[in-house]
Each structure stands twice: as C-alpha cells, then as structure tokens.
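Next comes run_23.csv, with CSV, C-alpha atoms and all ligand atoms.
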```
chain,number,residue,atom,x,y,z
A,1,MET,CA,-9.5,-12.4,-9.2
A,2,ARG,CA,-6.3,-13.2,-11.0
A,3,LEU,CA,-6.1,-11.4,-14.4
A,4,THR,CA,-5.6,-13.5,-17.5
A,5,ASP,CA,-2.8,-12.9,-19.9
A,6,ALA,CA,-5.4,-11.8,-22.5
A,7,GLN,CA,-6.8,-9.1,-20.2
A,8,LEU,CA,-3.3,-7.7,-19.6
A,9,ALA,CA,-2.6,-7.9,-23.3
A,10,GLU,CA,-5.8,-5.9,-24.0
A,11,ALA,CA,-4.7,-3.2,-21.5
A,12,TRP,CA,-1.5,-2.8,-23.4
A,13,ASP,CA,-2.7,-3.3,-27.0
A,14,ARG,CA,-6.0,-1.3,-26.7
A,15,GLY,CA,-4.6,1.0,-24.0
A,16,PHE,CA,-7.2,0.0,-21.4
A,17,VAL,CA,-9.2,-2.9,-20.1
A,18,VAL,CA,-12.1,-3.2,-17.6
A,19,ILE,CA,-12.4,-6.3,-15.5
A,20,GLU,CA,-15.7,-6.9,-13.8
A,21,GLY,CA,-15.9,-8.7,-10.4
A,22,PHE,CA,-12.2,-8.0,-9.5
A,23,LEU,CA,-13.0,-7.4,-5.8
A,24,ASP,CA,-14.7,-10.2,-3.9
A,25,LYS,CA,-18.1,-9.2,-2.3
A,26,ALA,CA,-16.8,-8.9,1.3
A,27,THR,CA,-13.7,-6.9,0.4
A,28,LEU,CA,-15.9,-4.5,-1.7
A,29,ALA,CA,-18.6,-4.2,1.0
A,30,GLU,CA,-16.1,-3.4,3.7
A,31,ALA,CA,-14.3,-0.8,1.6
A,32,GLN,CA,-17.7,0.8,0.6
A,33,GLU,CA,-18.7,1.1,4.3
A,34,ALA,CA,-15.3,2.6,5.2
A,35,LEU,CA,-15.9,5.4,2.6
A,36,TRP,CA,-18.4,7.0,4.9
A,37,ASP,CA,-15.6,7.9,7.4
A,38,LEU,CA,-14.2,10.1,4.6
A,39,TYR,CA,-17.2,11.2,2.5
A,40,PRO,CA,-20.9,12.0,3.0
A,41,ARG,CA,-23.1,9.2,2.1
A,42,PRO,CA,-25.0,10.1,-1.2
A,43,GLU,CA,-28.3,10.3,0.8
A,44,ALA,CA,-26.8,12.8,3.1
A,45,TYR,CA,-25.0,14.8,0.4
A,46,PHE,CA,-28.1,15.1,-1.8
A,47,ALA,CA,-30.4,16.0,1.1
A,48,ASP,CA,-28.4,19.2,1.5
A,49,PRO,CA,-25.6,19.7,-1.1
A,50,GLY,CA,-25.1,23.3,0.3
A,51,ALA,CA,-23.7,21.7,3.5
A,52,TYR,CA,-20.8,20.3,1.5
A,53,PRO,CA,-19.4,23.3,-0.4
A,54,LYS,CA,-15.9,21.8,-0.6
A,55,PHE,CA,-17.0,19.3,-3.3
A,56,SER,CA,-17.9,22.3,-5.6
A,57,LYS,CA,-14.5,24.0,-5.5
A,58,SER,CA,-13.1,21.9,-8.3
A,59,GLN,CA,-13.3,18.5,-10.1
A,60,PHE,CA,-10.5,17.3,-7.8
A,61,SER,CA,-12.0,18.3,-4.4
A,62,GLY,CA,-13.2,14.8,-3.8
A,63,LEU,CA,-9.6,13.4,-3.9
A,64,ARG,CA,-8.2,11.9,-0.7
A,65,PHE,CA,-4.7,10.4,-0.6
A,66,PHE,CA,-3.4,7.2,1.0
A,67,PRO,CA,-3.3,6.2,3.9
A,68,TYR,CA,-6.9,6.1,5.2
A,69,GLY,CA,-8.3,5.5,8.7
A,70,SER,CA,-9.3,2.0,8.0
A,71,TRP,CA,-7.6,-1.2,6.9
A,72,ALA,CA,-10.7,-2.0,4.7
A,73,LEU,CA,-9.4,0.8,2.4
A,74,ASN,CA,-5.7,0.6,3.0
A,75,ARG,CA,-5.5,-3.1,2.0
A,76,LEU,CA,-6.9,-2.5,-1.5
A,77,PRO,CA,-3.7,-1.2,-3.1
A,78,VAL,CA,-1.8,-4.3,-2.0
A,79,LEU,CA,-4.3,-7.0,-2.9
A,80,SER,CA,-2.3,-9.9,-4.2
A,81,ASP,CA,-4.1,-10.1,-7.6
A,82,LEU,CA,-3.5,-6.4,-8.2
A,83,VAL,CA,0.2,-6.7,-7.4
A,84,ASP,CA,0.4,-9.8,-9.5
A,85,ALA,CA,-1.2,-7.9,-12.4
A,86,ALA,CA,1.2,-4.9,-11.9
A,87,GLU,CA,4.3,-7.2,-11.9
A,88,ARG,CA,3.2,-8.8,-15.1
A,89,PHE,CA,2.2,-5.5,-16.8
A,90,CYS,CA,5.5,-3.9,-15.7
A,91,GLY,CA,7.5,-7.0,-16.6
A,92,THR,CA,9.3,-7.2,-13.3
A,93,GLU,CA,8.7,-8.0,-9.6
A,94,ALA,CA,10.8,-4.9,-8.6
A,95,ILE,CA,7.8,-2.6,-8.6
A,96,GLU,CA,6.5,0.1,-6.3
A,97,ILE,CA,3.2,1.8,-5.7
A,98,TYR,CA,3.6,5.4,-6.7
A,99,LYS,CA,0.1,6.8,-6.2
A,100,VAL,CA,-3.1,5.9,-4.3
A,101,GLU,CA,-6.1,8.2,-4.3
A,102,LEU,CA,-9.7,7.9,-3.4
A,103,TRP,CA,-12.0,10.0,-5.6
A,104,ALA,CA,-15.6,10.9,-4.8
A,105,LYS,CA,-17.8,12.7,-7.2
A,106,TYR,CA,-21.4,13.9,-6.7
A,107,SER,CA,-23.6,15.0,-9.5
A,108,GLY,CA,-24.2,18.7,-9.7
A,109,ALA,CA,-21.3,19.6,-7.4
A,110,VAL,CA,-19.2,20.8,-10.4
A,111,ASN,CA,-19.0,19.9,-14.1
A,112,TYR,CA,-16.7,16.9,-14.3
A,113,ASP,CA,-16.3,17.0,-18.1
A,114,GLN,CA,-12.7,17.1,-19.3
A,115,PRO,CA,-10.9,17.2,-22.6
A,116,HIS,CA,-9.0,14.1,-23.7
A,117,HIS,CA,-5.6,14.0,-22.2
A,118,ARG,CA,-2.8,11.6,-21.4
A,119,ASP,CA,-1.9,11.1,-17.7
A,120,PHE,CA,1.8,10.9,-18.0
A,121,GLY,CA,2.1,14.7,-17.7
A,122,ASN,CA,2.2,14.5,-13.9
A,123,HIS,CA,3.6,11.0,-13.6
A,124,THR,CA,7.0,11.6,-15.2
A,125,LEU,CA,9.4,14.5,-15.9
A,126,VAL,CA,9.9,13.2,-19.4
A,127,VAL,CA,7.6,11.1,-21.6
A,128,PRO,CA,6.7,7.4,-21.6
A,129,CYS,CA,8.4,4.9,-24.0
A,130,THR,CA,5.6,3.8,-26.3
A,131,ASP,CA,7.4,0.5,-27.2
A,132,GLY,CA,6.7,-1.0,-23.8
A,133,PHE,CA,9.9,-0.2,-22.1
A,134,LEU,CA,9.2,0.8,-18.4
A,135,PRO,CA,5.4,1.0,-18.5
A,136,GLN,CA,3.5,2.5,-15.6
A,137,MET,CA,0.3,0.7,-14.7
A,138,THR,CA,-2.5,3.1,-13.8
A,139,THR,CA,-5.8,1.8,-12.4
A,140,PHE,CA,-9.3,2.6,-11.1
A,141,ILE,CA,-10.9,0.2,-8.6
A,142,LEU,CA,-14.6,1.1,-8.9
A,143,LEU,CA,-16.3,1.3,-5.4
A,144,SER,CA,-19.7,2.2,-6.8
A,145,ASP,CA,-21.6,1.1,-9.9
A,146,VAL,CA,-20.7,3.3,-12.9
A,147,THR,CA,-23.4,3.5,-15.6
A,148,GLU,CA,-23.5,6.0,-18.5
A,149,GLN,CA,-25.2,8.4,-16.1
A,150,ASP,CA,-22.4,8.2,-13.4
A,151,GLY,CA,-19.6,10.2,-15.1
A,152,PRO,CA,-17.7,7.2,-16.5
A,153,THR,CA,-14.1,7.6,-17.6
A,154,LYS,CA,-14.1,7.7,-21.4
A,155,LEU,CA,-11.1,6.3,-23.2
A,156,VAL,CA,-10.0,6.2,-26.8
A,157,PRO,CA,-8.6,2.9,-28.1
A,158,LEU,CA,-5.0,3.3,-29.1
A,159,GLU,CA,-5.7,2.4,-32.7
A,160,HIS,CA,-7.1,6.0,-33.1
A,161,THR,CA,-4.3,7.9,-31.4
A,162,ARG,CA,-1.0,6.1,-32.1
A,163,ASP,CA,-0.1,8.7,-34.7
A,164,ILE,CA,-0.9,11.7,-32.4
A,165,PRO,CA,2.4,13.0,-31.0
A,166,LEU,CA,2.7,12.6,-27.2
A,167,ILE,CA,3.1,16.4,-26.8
A,168,PRO,CA,0.8,18.3,-26.3
A,169,GLY,CA,-0.6,15.9,-23.8
A,170,GLN,CA,-4.1,17.4,-24.0
A,171,LEU,CA,-6.5,17.8,-26.9
A,172,PRO,CA,-9.0,20.7,-27.4
A,173,MET,CA,-12.4,20.0,-25.7
A,174,GLY,CA,-14.5,17.8,-27.9
A,175,GLU,CA,-11.8,16.3,-30.0
A,176,LEU,CA,-12.0,12.5,-30.3
A,177,PHE,CA,-15.3,12.4,-28.3
A,178,ASP,CA,-16.7,10.5,-31.2
A,179,LYS,CA,-14.1,7.7,-30.7
A,180,ASP,CA,-14.2,7.2,-27.0
A,181,VAL,CA,-15.6,4.3,-25.0
A,182,ALA,CA,-17.3,4.7,-21.6
A,183,ALA,CA,-15.8,2.5,-18.9
A,184,THR,CA,-19.1,1.5,-17.4
A,185,ALA,CA,-19.0,-1.4,-15.0
A,186,PRO,CA,-20.4,-2.5,-11.6
A,187,ALA,CA,-18.8,-1.7,-8.3
A,188,GLY,CA,-15.8,-4.0,-7.6
A,189,SER,CA,-14.5,-3.7,-11.2
A,190,LEU,CA,-10.9,-2.8,-12.1
A,191,MET,CA,-9.9,-0.5,-14.9
A,192,ILE,CA,-6.3,-0.6,-16.1
A,193,TYR,CA,-5.0,2.0,-18.6
A,194,ARG,CA,-1.8,3.2,-20.0
A,195,THR,CA,-0.3,6.6,-19.2
A,196,ASP,CA,-0.2,7.4,-22.9
A,197,VAL,CA,-3.9,6.6,-23.6
A,198,MET,CA,-6.2,9.5,-24.4
A,199,HIS,CA,-9.1,9.6,-21.8
A,200,ARG,CA,-11.2,12.0,-20.0
A,201,GLY,CA,-13.4,12.4,-17.0
A,202,SER,CA,-17.1,12.9,-17.9
A,203,ASP,CA,-20.0,14.7,-16.2
A,204,PHE,CA,-23.0,13.0,-14.6
A,205,THR,CA,-26.1,13.0,-16.8
A,206,ALA,CA,-28.7,12.6,-14.1
A,207,PRO,CA,-29.2,14.2,-10.7
A,208,GLY,CA,-28.6,12.4,-7.4
A,209,ARG,CA,-25.8,10.2,-8.7
A,210,SER,CA,-22.4,9.7,-7.2
A,211,ARG,CA,-19.2,7.9,-8.1
A,212,PHE,CA,-16.5,6.5,-5.8
A,213,ALA,CA,-13.2,5.0,-7.0
A,214,MET,CA,-9.7,4.1,-5.7
A,215,LEU,CA,-6.9,4.9,-8.1
A,216,VAL,CA,-3.7,2.8,-7.6
A,217,ASP,CA,-0.7,3.3,-9.8
A,218,PHE,CA,2.4,1.0,-10.1
A,219,GLN,CA,5.8,1.3,-11.8
A,220,ALA,CA,9.2,-0.4,-11.9
A,221,ARG,CA,11.2,1.1,-9.1
A,222,GLY,CA,14.5,2.8,-9.5
A,223,TYR,CA,13.7,5.4,-12.1
A,224,PRO,CA,13.5,8.8,-10.3
A,225,TRP,CA,12.1,10.8,-13.2
A,226,ARG,CA,8.8,9.0,-12.6
A,227,GLY,CA,6.4,9.0,-9.6
A,228,LYS,CA,3.8,11.1,-7.9
A,229,MET,CA,3.7,10.6,-4.1
A,230,ALA,CA,6.5,10.5,-1.5
A,231,TRP,CA,5.2,8.0,1.1
A,232,PRO,CA,7.6,9.2,3.9
A,233,ASN,CA,5.6,12.5,3.6
A,234,HIS,CA,2.5,10.5,4.5
A,235,ALA,CA,4.1,8.5,7.3
A,236,GLU,CA,2.5,10.4,10.1
A,237,TRP,CA,-1.0,10.4,8.6
A,238,LYS,CA,-3.8,8.5,10.4
A,239,GLY,CA,-3.8,4.9,9.3
A,240,MET,CA,-0.2,4.6,8.2
A,241,THR,CA,1.0,2.9,11.4
A,242,GLU,CA,-1.8,0.3,11.3
A,243,ALA,CA,-1.2,-0.2,7.5
A,244,MET,CA,2.5,-0.8,7.9
A,245,VAL,CA,2.0,-3.1,10.9
A,246,ARG,CA,-0.7,-5.2,9.1
A,247,MET,CA,1.1,-5.5,5.8
A,248,SER,CA,3.4,-8.4,4.8
A,249,VAL,CA,7.0,-7.9,4.0
A,250,ARG,CA,6.1,-7.9,0.3
A,251,GLN,CA,3.3,-5.3,0.8
A,252,ARG,CA,5.6,-2.9,2.7
A,253,ASP,CA,8.2,-3.4,0.0
A,254,LEU,CA,5.7,-1.8,-2.5
A,255,PHE,CA,5.9,1.4,-0.4
A,256,GLY,CA,9.7,1.4,-0.4
A,257,TRP,CA,10.2,-0.1,3.1
A,258,PRO,CA,13.8,-1.4,3.5
A,259,PRO,CA,13.8,-5.2,2.6
A,260,PRO,CA,15.2,-8.0,4.7
A,261,GLY,CA,18.9,-8.2,4.2
A,262,SER,CA,19.3,-4.5,3.7
A,263,PRO,CA,22.3,-3.0,5.6
A,264,TYR,CA,19.7,-0.6,7.0
A,265,TRP,CA,18.7,-3.3,9.5
A,266,ARG,CA,20.8,-3.4,12.6
A,267,PRO,CA,20.1,-3.6,16.3
A,268,GLN,CA,19.4,0.1,16.6
A,269,THR,CA,17.0,0.4,13.7
A,270,LEU,CA,15.2,-2.8,14.7
A,271,ARG,CA,14.6,-1.4,18.2
A,272,ASP,CA,13.5,2.0,17.1
A,273,VAL,CA,11.3,0.9,14.2
A,274,ALA,CA,9.6,-1.5,16.6
A,275,ALA,CA,9.0,1.5,18.9
A,276,ARG,CA,7.5,3.5,16.0
A,277,TYR,CA,5.2,0.7,14.8
A,278,PRO,CA,3.9,-1.1,18.0
A,279,GLY,CA,3.0,-4.6,17.2
A,280,ILE,CA,4.9,-5.0,14.0
A,281,ASP,CA,6.7,-8.3,13.3
A,282,LEU,CA,10.2,-7.4,12.4
A,283,ALA,CA,11.5,-11.0,12.6
A,284,PRO,CA,12.1,-11.2,8.8
A,285,TYR,CA,14.3,-8.1,9.0
A,286,ALA,CA,16.1,-9.3,12.1
A,287,ALA,CA,17.3,-12.5,10.4
A,288,GLY,CA,21.0,-12.4,10.0
A,289,VAL,CA,21.5,-9.2,12.0
A,290,SER,CA,24.1,-9.6,14.6
A,291,ALA,CA,24.0,-7.8,17.9
B,1,LIG,O1,-12.3,10.6,-13.1
B,1,LIG,C1,-12.1,10.2,-14.3
B,1,LIG,O2,-13.0,9.4,-14.8
B,1,LIG,C2,-11.0,10.5,-15.1
B,1,LIG,C3,-10.2,11.7,-14.6
B,1,LIG,C4,-9.0,12.0,-15.3
B,1,LIG,O3,-8.7,11.4,-16.3
B,1,LIG,C5,-8.0,13.0,-14.8
B,1,LIG,O4,-8.4,13.8,-13.9
B,1,LIG,O5,-6.9,13.0,-15.2
```

Could you rewrite the structure in this file as structure tokens?
Amino acid sequence: MRLTDAQLAEAWDRGFVVIEGFLDKATLAEAQEALWDLYPRPEAYFADPGAYPKFSKSQFSGLRFFPYGSWALNRLPVLSDLVDAAERFCGTEAIEIYKVELWAKYSGAVNYDQPHHRDFGNHTLVVPCTDGFLPQMTTFILLSDVTEQDGPTKLVPLEHTRDIPLIPGQLPMGELFDKDVAATAPAGSLMIYRTDVMHRGSDFTAPGRSRFAMLVDFQARGYPWRGKMAWPNHAEWKGMTEAMVRMSVRQRDLFGWPPPGSPYWRPQTLRDVAARYPGIDLAPYAAGVSA
C-alpha cells in the first residue's frame, strides 16, 4: 500500500504514524509462516516455556538480524511501497537500509517494560537534527496482531516532548507514561517513527500472548556518523546469497551494492561476483564495461 503524503506528514509532525493493511494478505501470510524457521510457534512455546530459556535472558533475546533463511522475510525490507515511503520521508532517492531486525516476544519470558527513550542513541554518533535535515526513518512491520495486551510500543506525541532536551536520551521509569499512545494494530500494519520521538517497549498484560515484528530503518546514504549494521559483515550468513540474487538493482543498491556504471565493475569483478552469487543477472552492471 502506497503511503499518502498525509500519513508521512503525520509521522514527521506527530513523531509517529501507524498504517493498517500495509502488507497484502499473501505477503503477510508467507512472512508469518517463515517465522517458524526462526522462532517457536506460540503454541509450542507456551506448552513448555522452560524449553526455551534463551528468551528469558533479556528483553532483546528475541532479536534476529537480516538476512534470514527465506525470501518471504528477506523481501520485506525492500518492498517498493516501503522504499517509496523512505525516499519521501528522507527527501532523497539516495537512501540505504541501515538496520533490519526481527523481534519475537513471548509473555512471561521477561518483563518487557521500558522507560521512555529516544532511539538515536545507537543510530548516530551525534544527535539528530530536529528541523528535518537528514532524518532517519525507523519502522516496525507488525507480523502479529498487537492489542493492548500484546506489549504494544507506546509513543509520546512530539507536542509533549519538543521542549525536552535531546540529552539525556532516556527518562526515569514512569515519566510521560500518562502521555503515551499504544501502537495497537492488526498484523500487516506499518509503524513509522522518528529517532527523536520518546517511546518505550511495554510488557504483556495477559498470559499466552506473543508479538512478532520486523524493524527496518532507512537513512540518506553518505553520512558515516549514522548507521547500525555493516552488511558486508552479514554477507556469509544463510539467506544473503539468495537475497542478493533475487533482488533488483535498486533493491541491492539499498544494501550498498556497487551501482551500474561504477568503476568497480570490470571483467574481473563481473566474473568473480557471478561466481559468488550463482544465478545472479549482472547484465545491468556489465553494460558499458569493455573487455
Ligand atoms: O519493542 C518495542 O515495542 C519498542 C522497543 C524499544 O523501543 C527499544 O528497545 O528501543
């Protein structure tokens, strides 16, 4: 679903927006099914939580980073409507994906409550510009229904926080809890929020509940004080070869792949990249390269 200008304006002006029905039904169903290669199904988890002690180690134990073993998950960060929204939010087509995480949470595994904080702390070495210069677009794609009971992200509309200095980036536990809004929405919804918006993870309020989401973050490329993940460090992970082979030129570009016309492309690199990624179509990169 293509986002409207009004939705993107809300993300900027209020600090966040939730768009229901962002994923089409088939894309959502295939991604949900692929989750069970990585995580226990809720029925299995709740039948014997003690069999999965790793989810109790910390709030962050359910994080898994891109790439994944299936295209059904790997294609989500590069969906054309998400990339289009990121281009418009960032005000440029020269963007990159700087973080992709899957996050599973199971009620009772750990207390998922957090104090309000701003996410920029580990997305930049400095601080965001609050006037709109060089925004980062951070997102959650909900892969399960998130009701009040399912540990929704809770966000404070910017009108309540504009006068609070950026530093410190975290408030004492409980502060602004009376002002926050729960991002409850059905599976397939997209939440976009700014890196300077106060928000928090919240705990489940009922047993036997679970929450699954993919977090995809975008920024204008070329500003090395910002970022989170170095994709070359993930290049040998399961799923990366298939992802790079199946992606379009534009989609690879979002991960920092050398573009057509780059002096990087020459007979030797075309030959050896083809060997590294069997089945890839390198014709767009070969155009204009002389033997
Ligand atoms: O999981 C959530 O709903 C929010 C988590 C969060 O804000 C964080 O860990 O920085």

Would you write out, as a tab-separated table, a table of all residues in region 76-151 of chain A that have an atom no more than 12 Å from an atom of region 35-57 of chain A, listing for each the closest atom pair and the distance in Å to one decimal, considering all atoms listed in the file and ordering rows by chain and rising residue number?
```
residue	atom	partner	partner_atom	distance
A:Leu102	CA	A:Leu35	CA	9.0
A:Trp103	CA	A:Tyr39	CA	9.7
A:Ala104	CA	A:Tyr39	CA	7.5
A:Lys105	CA	A:Phe55	CA	7.7
A:Tyr106	CA	A:Pro42	CA	7.6
A:Ser107	CA	A:Phe46	CA	8.9
A:Gly108	CA	A:Ser56	CA	8.3
A:Ala109	CA	A:Ser56	CA	4.7
A:Val110	CA	A:Ser56	CA	5.2
A:Asn111	CA	A:Ser56	CA	8.9
A:Tyr112	CA	A:Ser56	CA	10.3
A:Leu143	CA	A:Leu35	CA	9.0
A:Ser144	CA	A:Leu35	CA	10.6
```

Separation of atom O3 of ligand LIG 1 (chain B) from CA of Gln136 (chain A), in Å and rounded to one decimal:
15.1 Å

Region 138-240 of chain A near region 69-93 of chain A within 8 Å: what's each residue's closest atom pair and its distance in Å to one decimal, counting all atoms listed in the file, ordered by chain then ascending residue number, as CSV?
```
residue,atom,partner,partner_atom,distance
A:Val216,CA,A:Pro77,CA,6.0
A:Phe218,CA,A:Ala86,CA,6.3
A:Gln219,CA,A:Cys90,CA,6.5
A:Ala220,CA,A:Cys90,CA,6.4
A:Lys238,CA,A:Gly69,CA,5.7
A:Gly239,CA,A:Gly69,CA,4.6
```

Rounded to one decimal in Å, what is the spacing between CA of Val273 (chain A) and CA of Trp231 (chain A)?
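A separation of 16.1 Å between them.
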
Selection as an MDAnalysis selection string: residues within 6 Å of ligand LIG 1 (chain B) by all atoms listed in the file:
chainID A and resid 119 152:153 199:201

Sorted by chain and rising residue number, which residues of region 113-178 of chain A lie within 9 Å of region 15-29 of chain A, and what are their closest atom pairs and distances in Å to one decimal, counting only C-alpha atoms, as a Markdown table?
```
| residue | atom | partner | partner_atom | distance |
| --- | --- | --- | --- | --- |
| A:Ile141 | CA | A:Phe22 | CA | 8.4 |
| A:Leu143 | CA | A:Leu28 | CA | 6.9 |
| A:Leu155 | CA | A:Phe16 | CA | 7.6 |
| A:Val156 | CA | A:Gly15 | CA | 8.0 |
| A:Pro157 | CA | A:Gly15 | CA | 6.0 |
| A:Leu158 | CA | A:Gly15 | CA | 5.6 |
| A:Glu159 | CA | A:Gly15 | CA | 8.9 |
```

May I have the residues within 12 Å of Ile167 (chain A) as a CSV table (one decimal) with C-alpha atoms, in the frame of the given file, using all atoms listed in the file and disregarding those fewer than 4 positions away in the same chain?
```csv
chain,number,residue,atom,x,y,z
A,117,HIS,CA,-5.6,14.0,-22.2
A,118,ARG,CA,-2.8,11.6,-21.4
A,119,ASP,CA,-1.9,11.1,-17.7
A,120,PHE,CA,1.8,10.9,-18.0
A,121,GLY,CA,2.1,14.7,-17.7
A,126,VAL,CA,9.9,13.2,-19.4
A,127,VAL,CA,7.6,11.1,-21.6
A,128,PRO,CA,6.7,7.4,-21.6
A,163,ASP,CA,-0.1,8.7,-34.7
A,171,LEU,CA,-6.5,17.8,-26.9
A,196,ASP,CA,-0.2,7.4,-22.9
A,198,MET,CA,-6.2,9.5,-24.4
```

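Within the 7 Å cut-off around Ala185 (chain A), using all atoms listed in the file and omitting residues fewer than 6 positions from it on the same chain, the listed residues are Glu20, Asp145, Val146 and Thr147 of chain A.
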
Å distance separating CA of Ala283 (chain A) from CA of Lys99 (chain A), one decimal place:
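The value is 28.3 Å.
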
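Minimum atom-to-atom distances from A:Met229, A:Leu270, A:Ala183, A:Ile280 to Gln149 (chain A) were compared using all atoms listed in the file, and the lowest value belongs to A:Ala183.
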
With only C-alpha atoms as the atoms that count, which of A:Pro224, A:Leu166, A:Val100, A:Pro278 lies nearest to Pro67 (chain A)?
A:Val100

Between A:Gln251, A:Phe65, A:Gln32, A:Thr161, which one has atoms that come closest to Leu215 (chain A), using all atoms listed in the file?
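Looking at the shortest contact to Leu215 (chain A), the residue is A:Phe65.
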
Need the shell around Arg250 (chain A): protein/DNA/RNA residues with any atom at most 12 Å away, counting all atoms listed in the file. Skip same-chain ones fewer than 4 positions apart. Format as number ranges by chain?
A: 78-80, 83-84, 93-97, 244, 246, 254-260, 284-285

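Using all atoms listed in the file for every distance, the candidate list A:Tyr98, A:Phe204, A:Glu148, A:Asp217 yields A:Glu148 as the residue closest to Pro186 (chain A).
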
Please produce region 100-117 of chain A, completed to N, CA, C and O atoms, as a compact mmCIF listing (two decimals), in the frame of the given file.
```txt
# COMPACT_ATOMS: atom_id res chain seq x y z
N VAL A 100 -1.76 6.50 -4.68
CA VAL A 100 -3.10 5.90 -4.30
C VAL A 100 -3.96 7.11 -3.93
O VAL A 100 -3.62 7.93 -3.06
N GLU A 101 -5.09 7.17 -4.61
CA GLU A 101 -6.10 8.20 -4.30
C GLU A 101 -7.45 7.59 -4.25
O GLU A 101 -7.74 6.65 -4.97
N LEU A 102 -8.28 8.15 -3.38
CA LEU A 102 -9.70 7.90 -3.40
C LEU A 102 -10.33 9.11 -4.09
O LEU A 102 -9.87 10.23 -3.85
N TRP A 103 -11.36 8.87 -4.91
CA TRP A 103 -12.00 10.00 -5.60
C TRP A 103 -13.49 9.88 -5.51
O TRP A 103 -14.06 8.90 -6.00
N ALA A 104 -14.11 10.85 -4.86
CA ALA A 104 -15.60 10.90 -4.80
C ALA A 104 -16.07 12.01 -5.66
O ALA A 104 -15.51 13.10 -5.68
N LYS A 105 -17.13 11.72 -6.40
CA LYS A 105 -17.80 12.70 -7.20
C LYS A 105 -19.28 12.67 -6.97
O LYS A 105 -19.83 11.57 -6.84
N TYR A 106 -19.90 13.84 -6.91
CA TYR A 106 -21.40 13.90 -6.70
C TYR A 106 -21.96 14.76 -7.80
O TYR A 106 -21.47 15.86 -8.09
N SER A 107 -23.04 14.29 -8.40
CA SER A 107 -23.60 15.00 -9.50
C SER A 107 -24.07 16.40 -9.10
O SER A 107 -24.64 16.55 -8.02
N GLY A 108 -23.77 17.38 -9.94
CA GLY A 108 -24.20 18.70 -9.70
C GLY A 108 -23.19 19.53 -8.83
O GLY A 108 -23.26 20.77 -8.77
N ALA A 109 -22.24 18.86 -8.19
CA ALA A 109 -21.30 19.60 -7.40
C ALA A 109 -20.43 20.52 -8.24
O ALA A 109 -20.11 21.65 -7.86
N VAL A 110 -20.07 20.02 -9.42
CA VAL A 110 -19.20 20.80 -10.40
C VAL A 110 -19.39 20.02 -11.70
O VAL A 110 -19.89 18.89 -11.72
N ASN A 111 -19.00 20.64 -12.78
CA ASN A 111 -19.00 19.90 -14.10
C ASN A 111 -17.75 19.12 -14.20
O ASN A 111 -16.66 19.69 -14.22
N TYR A 112 -17.87 17.81 -14.26
CA TYR A 112 -16.70 16.90 -14.30
C TYR A 112 -16.17 16.64 -15.68
O TYR A 112 -15.26 15.83 -15.84
N ASP A 113 -16.74 17.29 -16.70
CA ASP A 113 -16.30 17.00 -18.10
C ASP A 113 -14.83 17.49 -18.24
O ASP A 113 -14.44 18.55 -17.76
N GLN A 114 -14.06 16.70 -18.96
CA GLN A 114 -12.70 17.10 -19.30
C GLN A 114 -12.40 16.86 -20.74
O GLN A 114 -13.07 16.06 -21.39
N PRO A 115 -11.39 17.56 -21.27
CA PRO A 115 -10.90 17.20 -22.60
C PRO A 115 -10.09 15.95 -22.57
O PRO A 115 -9.62 15.55 -21.49
N HIS A 116 -9.90 15.33 -23.72
CA HIS A 116 -9.00 14.10 -23.70
C HIS A 116 -7.59 14.54 -23.40
O HIS A 116 -7.09 15.58 -23.84
N HIS A 117 -6.96 13.71 -22.61
CA HIS A 117 -5.60 14.00 -22.20
C HIS A 117 -4.90 12.65 -21.91
O HIS A 117 -5.55 11.61 -21.76
```
